[in-house]
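Quick look at target_31.cif (mmCIF, C-alpha atoms and all ligand atoms):
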```
data_target
loop_
_atom_site.label_atom_id
_atom_site.label_comp_id
_atom_site.auth_asym_id
_atom_site.auth_seq_id
_atom_site.Cartn_x
_atom_site.Cartn_y
_atom_site.Cartn_z
CA MET A 1 7.59 -2.12 0.65
CA SER A 2 6.39 -5.22 -1.16
CA ASP A 3 3.92 -5.43 -4.03
CA ASP A 4 1.32 -6.29 -1.42
CA SER A 5 1.37 -2.60 -0.49
CA ARG A 6 -1.33 -2.28 -3.18
CA PRO A 7 -4.06 -1.34 -2.49
CA SER A 8 -2.51 1.65 -0.81
CA PRO A 9 -2.27 2.00 2.97
CA SER A 10 -5.41 4.15 2.81
CA GLY A 11 -7.18 1.23 1.10
CA ALA A 12 -7.87 3.35 -1.98
CA ARG A 13 -7.26 1.82 -5.39
CA THR A 14 -6.24 4.18 -8.17
CA ALA A 15 -6.87 4.04 -11.93
CA VAL A 16 -5.77 6.44 -14.66
CA VAL A 17 -7.87 7.31 -17.72
CA ILE A 18 -5.69 8.52 -20.60
CA PRO A 19 -7.67 10.36 -23.30
CA ALA A 20 -5.69 9.72 -26.49
CA ALA A 21 -8.43 9.93 -29.11
CA GLY A 22 -7.69 13.41 -30.50
CA ARG A 23 -6.44 14.07 -34.04
CA GLY A 24 -3.83 16.64 -33.11
CA VAL A 25 -4.96 19.21 -35.66
CA ARG A 26 -2.66 21.91 -34.26
CA LEU A 27 0.34 19.61 -34.65
CA GLY A 28 -0.26 19.46 -38.40
CA PRO A 29 -0.94 16.60 -40.82
CA GLY A 30 0.02 13.05 -39.87
CA ALA A 31 -1.01 10.23 -37.57
CA PRO A 32 -3.25 10.95 -34.56
CA LYS A 33 -1.16 12.96 -32.11
CA ALA A 34 -0.90 10.25 -29.42
CA LEU A 35 0.61 7.83 -31.94
CA ARG A 36 3.34 10.21 -33.16
CA ALA A 37 6.83 9.23 -32.16
CA LEU A 38 9.08 11.02 -29.67
CA ASN A 39 12.60 9.67 -30.03
CA GLY A 40 11.16 6.64 -31.82
CA THR A 41 8.51 5.75 -29.23
CA PRO A 42 4.83 6.77 -29.57
CA MET A 43 3.86 9.68 -27.34
CA LEU A 44 1.09 7.51 -25.85
CA ILE A 45 3.59 4.89 -24.69
CA HIS A 46 5.62 7.58 -22.91
CA ALA A 47 2.40 8.75 -21.21
CA VAL A 48 1.36 5.22 -20.22
CA ARG A 49 4.82 4.55 -18.77
CA ALA A 50 4.69 7.80 -16.79
CA MET A 51 1.42 6.69 -15.16
CA ALA A 52 2.32 3.03 -14.60
CA ALA A 53 5.56 4.20 -12.99
CA SER A 54 3.56 5.23 -9.93
CA ARG A 55 3.30 2.38 -7.45
CA ALA A 56 -0.17 3.59 -6.49
CA VAL A 57 -1.61 3.08 -9.98
CA SER A 58 -3.18 -0.36 -10.46
CA LEU A 59 -5.05 0.20 -13.76
CA VAL A 60 -4.47 2.35 -16.85
CA VAL A 61 -7.40 2.84 -19.27
CA VAL A 62 -6.32 4.18 -22.65
CA VAL A 63 -9.03 5.90 -24.70
CA ALA A 64 -7.93 5.30 -28.29
CA PRO A 65 -8.90 7.04 -31.53
CA PRO A 66 -12.34 5.59 -32.46
CA ASP A 67 -10.88 3.60 -35.38
CA GLY A 68 -7.55 2.89 -33.67
CA ALA A 69 -8.30 0.69 -30.65
CA ALA A 70 -6.74 -2.42 -32.22
CA GLU A 71 -3.61 -0.47 -33.16
CA VAL A 72 -3.30 0.92 -29.64
CA LYS A 73 -3.72 -2.54 -28.10
CA ALA A 74 -0.95 -3.80 -30.37
CA LEU A 75 1.30 -0.89 -29.32
CA LEU A 76 0.78 -1.68 -25.62
CA ASP A 77 1.59 -5.34 -26.32
CA THR A 78 4.82 -4.58 -28.15
CA HIS A 79 6.30 -1.98 -25.80
CA ALA A 80 7.77 -2.73 -22.40
CA LEU A 81 5.55 -1.30 -19.67
CA PRO A 82 6.16 -1.14 -15.94
CA GLY A 83 3.22 -3.54 -15.35
CA ASP A 84 4.97 -6.26 -17.36
CA ASN A 85 7.19 -7.00 -14.42
CA PRO A 86 4.89 -8.02 -11.55
CA SER A 87 7.75 -9.38 -9.46
CA GLY A 88 9.83 -6.24 -9.86
CA SER A 89 9.80 -3.04 -7.88
CA TRP A 90 7.08 -1.51 -10.07
CA GLY A 91 4.27 -3.71 -8.83
CA LYS A 92 1.48 -4.84 -11.11
CA THR A 93 -0.49 -2.55 -13.40
CA ASP A 94 -3.38 -3.67 -15.64
CA PHE A 95 -4.16 -2.07 -18.99
CA LEU A 96 -7.44 -1.58 -20.86
CA VAL A 97 -8.16 0.05 -24.23
CA VAL A 98 -11.52 1.58 -25.19
CA PRO A 99 -12.51 3.63 -28.26
CA GLY A 100 -12.92 7.39 -27.79
CA GLY A 101 -15.46 9.99 -28.87
CA ASP A 102 -15.76 13.28 -30.72
CA SER A 103 -14.70 15.49 -27.82
CA ARG A 104 -12.16 15.08 -25.04
CA GLN A 105 -15.04 15.17 -22.56
CA GLU A 106 -16.79 12.29 -24.33
CA SER A 107 -13.56 10.31 -24.53
CA VAL A 108 -12.98 10.68 -20.78
CA LYS A 109 -16.58 9.56 -20.17
CA TYR A 110 -15.99 6.35 -22.15
CA GLY A 111 -12.88 5.73 -20.09
CA LEU A 112 -14.81 6.21 -16.84
CA ASP A 113 -17.52 3.81 -18.09
CA ALA A 114 -14.87 1.10 -18.44
CA LEU A 115 -13.65 1.28 -14.82
CA PRO A 116 -14.25 -1.87 -12.78
CA PRO A 117 -15.67 -1.82 -9.25
CA GLY A 118 -13.16 -1.32 -6.46
CA ILE A 119 -11.47 1.75 -7.95
CA ASP A 120 -11.82 4.71 -5.58
CA ILE A 121 -9.48 7.31 -7.07
CA VAL A 122 -9.35 8.27 -10.75
CA LEU A 123 -6.68 10.31 -12.49
CA VAL A 124 -7.28 11.76 -15.94
CA HIS A 125 -4.10 12.33 -17.91
CA ASP A 126 -3.64 13.70 -21.45
CA ALA A 127 -1.68 11.41 -23.75
CA ALA A 128 -0.37 14.73 -25.05
CA ARG A 129 1.59 15.25 -21.79
CA PRO A 130 4.00 12.34 -22.22
CA LEU A 131 6.81 13.53 -19.95
CA VAL A 132 5.15 14.26 -16.61
CA PRO A 133 7.45 13.08 -13.78
CA VAL A 134 6.17 10.36 -11.43
CA ASP A 135 6.58 12.69 -8.44
CA THR A 136 3.84 14.92 -9.86
CA VAL A 137 1.57 11.88 -10.37
CA ASP A 138 2.17 10.78 -6.79
CA ALA A 139 1.58 14.28 -5.39
CA VAL A 140 -1.84 14.41 -7.08
CA ILE A 141 -2.81 10.96 -5.76
CA GLU A 142 -1.62 11.93 -2.28
CA ALA A 143 -3.80 15.05 -2.22
CA VAL A 144 -6.89 13.03 -3.24
CA ARG A 145 -6.10 10.45 -0.56
CA ASP A 146 -5.89 13.31 1.91
CA GLY A 147 -9.52 14.12 1.18
CA ALA A 148 -9.69 16.60 -1.73
CA PRO A 149 -12.48 15.60 -4.18
CA ALA A 150 -10.54 17.16 -7.09
CA VAL A 151 -6.84 17.98 -7.47
CA VAL A 152 -5.03 19.70 -10.33
CA PRO A 153 -1.30 20.21 -10.84
CA ALA A 154 -0.58 23.73 -12.04
CA LEU A 155 2.18 26.30 -12.49
CA PRO A 156 2.34 30.09 -12.22
CA LEU A 157 2.27 31.87 -15.58
CA ALA A 158 5.29 33.39 -17.25
CA ASP A 159 3.21 35.57 -19.59
CA THR A 160 0.73 38.24 -18.59
CA VAL A 161 -2.75 37.19 -19.75
CA LYS A 162 -5.31 39.50 -21.40
CA GLU A 163 -8.98 38.80 -21.76
CA VAL A 164 -10.19 40.01 -25.18
CA GLU A 165 -13.33 40.30 -27.19
CA PRO A 166 -12.49 37.53 -29.71
CA SER A 167 -12.54 38.70 -33.32
CA ALA A 168 -14.60 36.76 -35.87
CA VAL A 169 -11.80 37.20 -38.43
CA PRO A 170 -8.59 35.29 -37.60
CA GLY A 171 -5.65 37.65 -37.18
CA ALA A 172 -7.75 40.83 -36.90
CA PRO A 173 -6.96 43.14 -33.93
CA GLU A 174 -8.95 42.30 -30.81
CA THR A 175 -10.04 44.65 -28.05
CA VAL A 176 -8.72 43.97 -24.55
CA VAL A 177 -11.47 43.62 -21.97
CA ALA A 178 -9.43 42.91 -18.82
CA THR A 179 -6.02 41.98 -17.42
CA PRO A 180 -6.39 39.49 -14.54
CA ALA A 181 -3.70 39.79 -11.86
CA ARG A 182 -1.06 37.31 -13.00
CA ALA A 183 -0.08 36.32 -9.49
CA ARG A 184 -3.54 34.80 -8.99
CA LEU A 185 -3.47 32.74 -12.21
CA ARG A 186 -2.24 29.18 -12.71
CA ALA A 187 -1.70 27.16 -15.88
CA VAL A 188 -3.31 23.82 -15.29
CA GLN A 189 -1.80 20.49 -16.30
CA THR A 190 -2.66 16.81 -15.94
CA PRO A 191 -2.90 14.26 -14.35
CA GLN A 192 -5.92 15.68 -12.55
CA GLY A 193 -7.05 13.50 -9.65
CA PHE A 194 -10.54 12.82 -8.36
CA ASP A 195 -12.60 10.91 -5.95
CA ARG A 196 -14.19 8.48 -8.45
CA ASP A 197 -17.83 9.06 -7.49
CA THR A 198 -17.35 12.83 -7.72
CA LEU A 199 -15.91 12.68 -11.25
CA VAL A 200 -18.58 10.25 -12.45
CA ARG A 201 -21.29 12.53 -11.07
CA ALA A 202 -19.66 15.54 -12.74
CA HIS A 203 -19.66 13.76 -16.10
CA GLU A 204 -23.32 12.77 -15.65
CA THR A 205 -24.44 16.24 -14.61
CA VAL A 206 -22.39 18.84 -16.47
CA THR A 207 -23.17 19.24 -20.15
CA ASP A 208 -21.34 22.54 -20.85
CA ASP A 209 -18.17 22.45 -22.92
CA VAL A 210 -15.17 22.33 -20.63
CA THR A 211 -11.45 22.13 -21.33
CA ASP A 212 -10.55 20.17 -18.23
CA ASP A 213 -12.21 17.69 -15.88
CA ALA A 214 -11.76 19.76 -12.73
CA GLY A 215 -13.88 22.47 -14.36
CA MET A 216 -16.82 20.06 -14.28
CA VAL A 217 -16.31 19.41 -10.57
CA GLU A 218 -16.20 23.19 -9.99
CA GLN A 219 -19.60 23.40 -11.67
CA LEU A 220 -20.94 20.95 -9.09
CA GLY A 221 -19.94 23.55 -6.50
CA LEU A 222 -17.21 21.37 -5.00
CA GLN A 223 -13.74 22.48 -3.99
CA VAL A 224 -10.87 21.92 -6.41
CA VAL A 225 -7.33 22.28 -5.09
CA VAL A 226 -4.07 23.00 -6.90
CA VAL A 227 -0.78 21.26 -6.18
CA PRO A 228 2.54 22.22 -7.80
CA GLY A 229 2.82 21.07 -11.41
CA HIS A 230 6.06 20.50 -13.32
CA GLU A 231 7.57 22.18 -16.37
CA GLU A 232 8.08 18.76 -17.99
CA ALA A 233 4.32 18.12 -17.81
CA PHE A 234 3.75 20.58 -20.69
CA LYS A 235 1.25 19.63 -23.40
CA VAL A 236 2.53 18.74 -26.85
CA THR A 237 0.24 20.91 -28.93
CA ARG A 238 2.22 22.55 -31.75
CA PRO A 239 5.24 21.43 -33.80
CA LEU A 240 7.71 23.35 -31.59
CA ASP A 241 6.52 21.30 -28.60
CA LEU A 242 7.86 18.15 -30.32
CA VAL A 243 11.30 19.74 -30.45
CA LEU A 244 11.11 20.58 -26.73
CA ALA A 245 9.88 17.08 -25.83
CA GLU A 246 12.75 15.41 -27.66
CA ALA A 247 15.20 17.80 -25.99
CA VAL A 248 13.81 16.83 -22.57
CA LEU A 249 14.23 13.14 -23.42
CA ALA A 250 17.80 13.76 -24.58
CA ARG A 251 18.59 15.59 -21.32
CA ARG A 252 17.14 12.73 -19.31
CA ARG A 253 19.28 10.22 -21.17
CA LEU A 254 22.37 12.29 -20.49
CA ASN A 255 21.52 12.59 -16.79
CA ASP A 256 20.76 8.86 -16.56
CA GLY A 257 24.21 8.21 -17.97
CA PHE A 258 25.87 9.66 -14.87
N1 LIG B 301 -8.68 13.87 -26.84
C1 LIG B 301 -9.50 12.73 -26.84
N2 LIG B 301 -10.64 12.70 -27.60
C2 LIG B 301 -10.96 13.77 -28.38
C3 LIG B 301 -10.15 14.93 -28.36
C4 LIG B 301 -9.00 14.96 -27.58
O1 LIG B 301 -9.20 11.74 -26.16
N3 LIG B 301 -12.05 13.68 -29.13
C5 LIG B 301 -7.43 13.84 -26.05
C6 LIG B 301 -6.19 14.04 -26.92
O2 LIG B 301 -5.83 12.80 -27.53
C7 LIG B 301 -5.17 14.57 -25.94
C8 LIG B 301 -6.02 15.27 -24.86
O3 LIG B 301 -7.37 14.91 -25.12
O4 LIG B 301 -4.40 13.54 -25.32
C9 LIG B 301 -5.80 16.77 -24.88
O5 LIG B 301 -6.33 17.29 -26.08
P1 LIG B 301 -5.50 18.15 -27.13
O6 LIG B 301 -4.13 18.44 -26.65
O7 LIG B 301 -6.39 19.26 -27.59
O8 LIG B 301 -5.31 17.07 -28.33
P2 LIG B 301 -6.03 17.03 -29.72
O9 LIG B 301 -7.49 17.33 -29.55
O10 LIG B 301 -5.66 15.73 -30.34
O11 LIG B 301 -5.29 18.21 -30.50
P3 LIG B 301 -5.95 19.38 -31.37
O12 LIG B 301 -6.90 20.10 -30.43
O13 LIG B 301 -4.80 20.20 -31.83
O14 LIG B 301 -6.67 18.68 -32.50
MG MG B 302 -8.14 19.29 -28.86
#
```

As structure tokens, please, write out the structure in this file.
Ligand code: CTP
Ligand code: MG
Amino acid sequence: MSDDSRPSPSGARTAVVIPAAGRGVRLGPGAPKALRALNGTPMLIHAVRAMAASRAVSLVVVVAPPDGAAEVKALLDTHALPGDNPSGSWGKTDFLVVPGGDSRQESVKYGLDALPPGIDIVLVHDAARPLVPVDTVDAVIEAVRDGAPAVVPALPLADTVKEVEPSAVPGAPETVVATPARARLRAVQTPQGFDRDTLVRAHETVTDDVTDDAGMVEQLGLQVVVVPGHEEAFKVTRPLDLVLAEAVLARRRLNDGF
């Protein structure tokens, strides 16, 4: 395939919005989470590379911390990205940086507002999931191309989940209300993929607090489908996740050496 294979055979052009504007409170004090280093490279750069690695992706929109857009632009300029090599096998990817908002939902909205005409498929990917493999990205895009308005990668749960009556006092015992059948539950990851018009409509219509974008599409009454996620697409949330992420990178380097 040549670079002219973009736009895709289906004619659909794909962009990724990367919300990266969070503080990372649960990770503890320090720089905004997306700018923290993993093996010396900012988490955001790992995430951007993971998205630009897909041949189907022609644009990556990074939603930066509100006061950090200039810093993020500088980071993108100083790190090698797949799109830097238009004559190579990666194909060409464009990059945009916009400032984010107070909530993830608002940040994603600002990213969507920045999309140019001609983009038909939009992925939303957490900067905090820097290590998602390109095969997972491609599987999500494929499912949207096949006609699903919303696609989420997800994994079965290892832990049994209890629904509780949350206690007002942190650490106080909480009463269990229900135990959903684990076999029917999935832990949802990103990138989540959407028909662009559907996601834009969801963001215009749904005002409830949501923790993922597909939840907004569900509220429109549309079908959301799950495709297999990947254990390396975990979210870096707490300090231990940094240890795991660096271990994954070390394992990849070892494997690449052979
Ligand atoms: N995010 C964002 N804008 C916000 C809040 C979050 O773009 N106002 C992004 C984060 O940068 C992250 C993704 O949404 O890439 C997932 O959010 P989460 O893992 O909760 O990150 P933070 O909100 O930064 O972390 P915490 O909740 O611990 O503060
Ligand atoms: Mg958060």

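Look at A:Asp138: the protein and nucleic acid residues within 9 Å of it, using all atoms listed in the file and passing over chain neighbours fewer than 6 places away, are Ser54, Arg55 and Ala56 of chain A.
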
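Between atom CA of A:Gly28 and atom CA of A:Val161 lies a distance of 25.9 Å.
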
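Restricting the calculation to all atoms listed in the file, the smallest distance between ligand MG 302 (chain B) and any of A:Gln189, A:Thr198, A:Thr211, A:Thr41 is found for A:Thr211.
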
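The residue set within 9 Å of stretch 96-105 of chain A, counting all atoms listed in the file and dropping same-chain residues fewer than 3 places from it, reads Pro19, Ala20, Ala21, Gly22, Leu59, Val60, Val61, Val62, Val63, Ala64, Pro65, Pro66, Asp67, Gly68, Ala69, Ala70, Val72, Lys73, Val108, Lys109, Tyr110, Gly111, Ala114, His203, Asp209, Val210, Thr211, Asp212 and Asp213 of chain A.
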
Next item on the list: Work out how far apart atom CA of A:Leu131 and atom CA of A:Pro116 are and give it in Å to one decimal.
Entry: 27.1 Å

Taking 4 positions as the minimum chain separation for residues in the same chain, which residues sit within 7 Å of A:Val217 when counting only C-alpha atoms? Answer as a PDB file with C-alpha atoms, keeping the file's coordinate frame.
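part-v2.pdb written:
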```pdb
ATOM      1  CA  LEU A 199     -15.910  12.680 -11.250  1.00  0.00           C
ATOM      2  CA  ALA A 202     -19.660  15.540 -12.740  1.00  0.00           C
ATOM      3  CA  ASP A 213     -12.210  17.690 -15.880  1.00  0.00           C
ATOM      4  CA  GLY A 221     -19.940  23.550  -6.500  1.00  0.00           C
ATOM      5  CA  LEU A 222     -17.210  21.370  -5.000  1.00  0.00           C
TER       6      LEU A 222
END
```

With 5 Å on each side, where is the centre of the axis-aligned box around all listed atoms of stretch 128-144 of chain A, and how long are its edges in Å to one decimal, as AutoDock Vina command-line options?
```
--center_x 0.3 --center_y 12.8 --center_z -13.6 --size_x 24.3 --size_y 14.9 --size_z 32.8
```

Next item on the list: Between atom CA of A:Leu249 and atom O12 of ligand LIG 301 (chain B), measure the distance and give it in Å to one decimal.
Entry: 23.3 Å

Next item on the list: Find the residues near A:Ala139: any atom within 9 Å, counting all atoms listed in the file, skip ones fewer than 3 places away on the same chain, and give them as a ChimeraX atom specification.
Entry: /A:134-136,142-144,153,227-228

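If you measure from each of A:Val48, A:Pro180, A:Ala128, A:Val248 to ligand LIG 301 (chain B) using all atoms listed in the file, the closest one turns out to be A:Ala128.
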
Margin query: Using only C-alpha atoms and all ligand atoms, can you tell me which of A:Asp126, A:Asp195, A:Asp146, A:Asp77 comes closest to ligand LIG 301 (chain B)?
Written below: A:Asp126
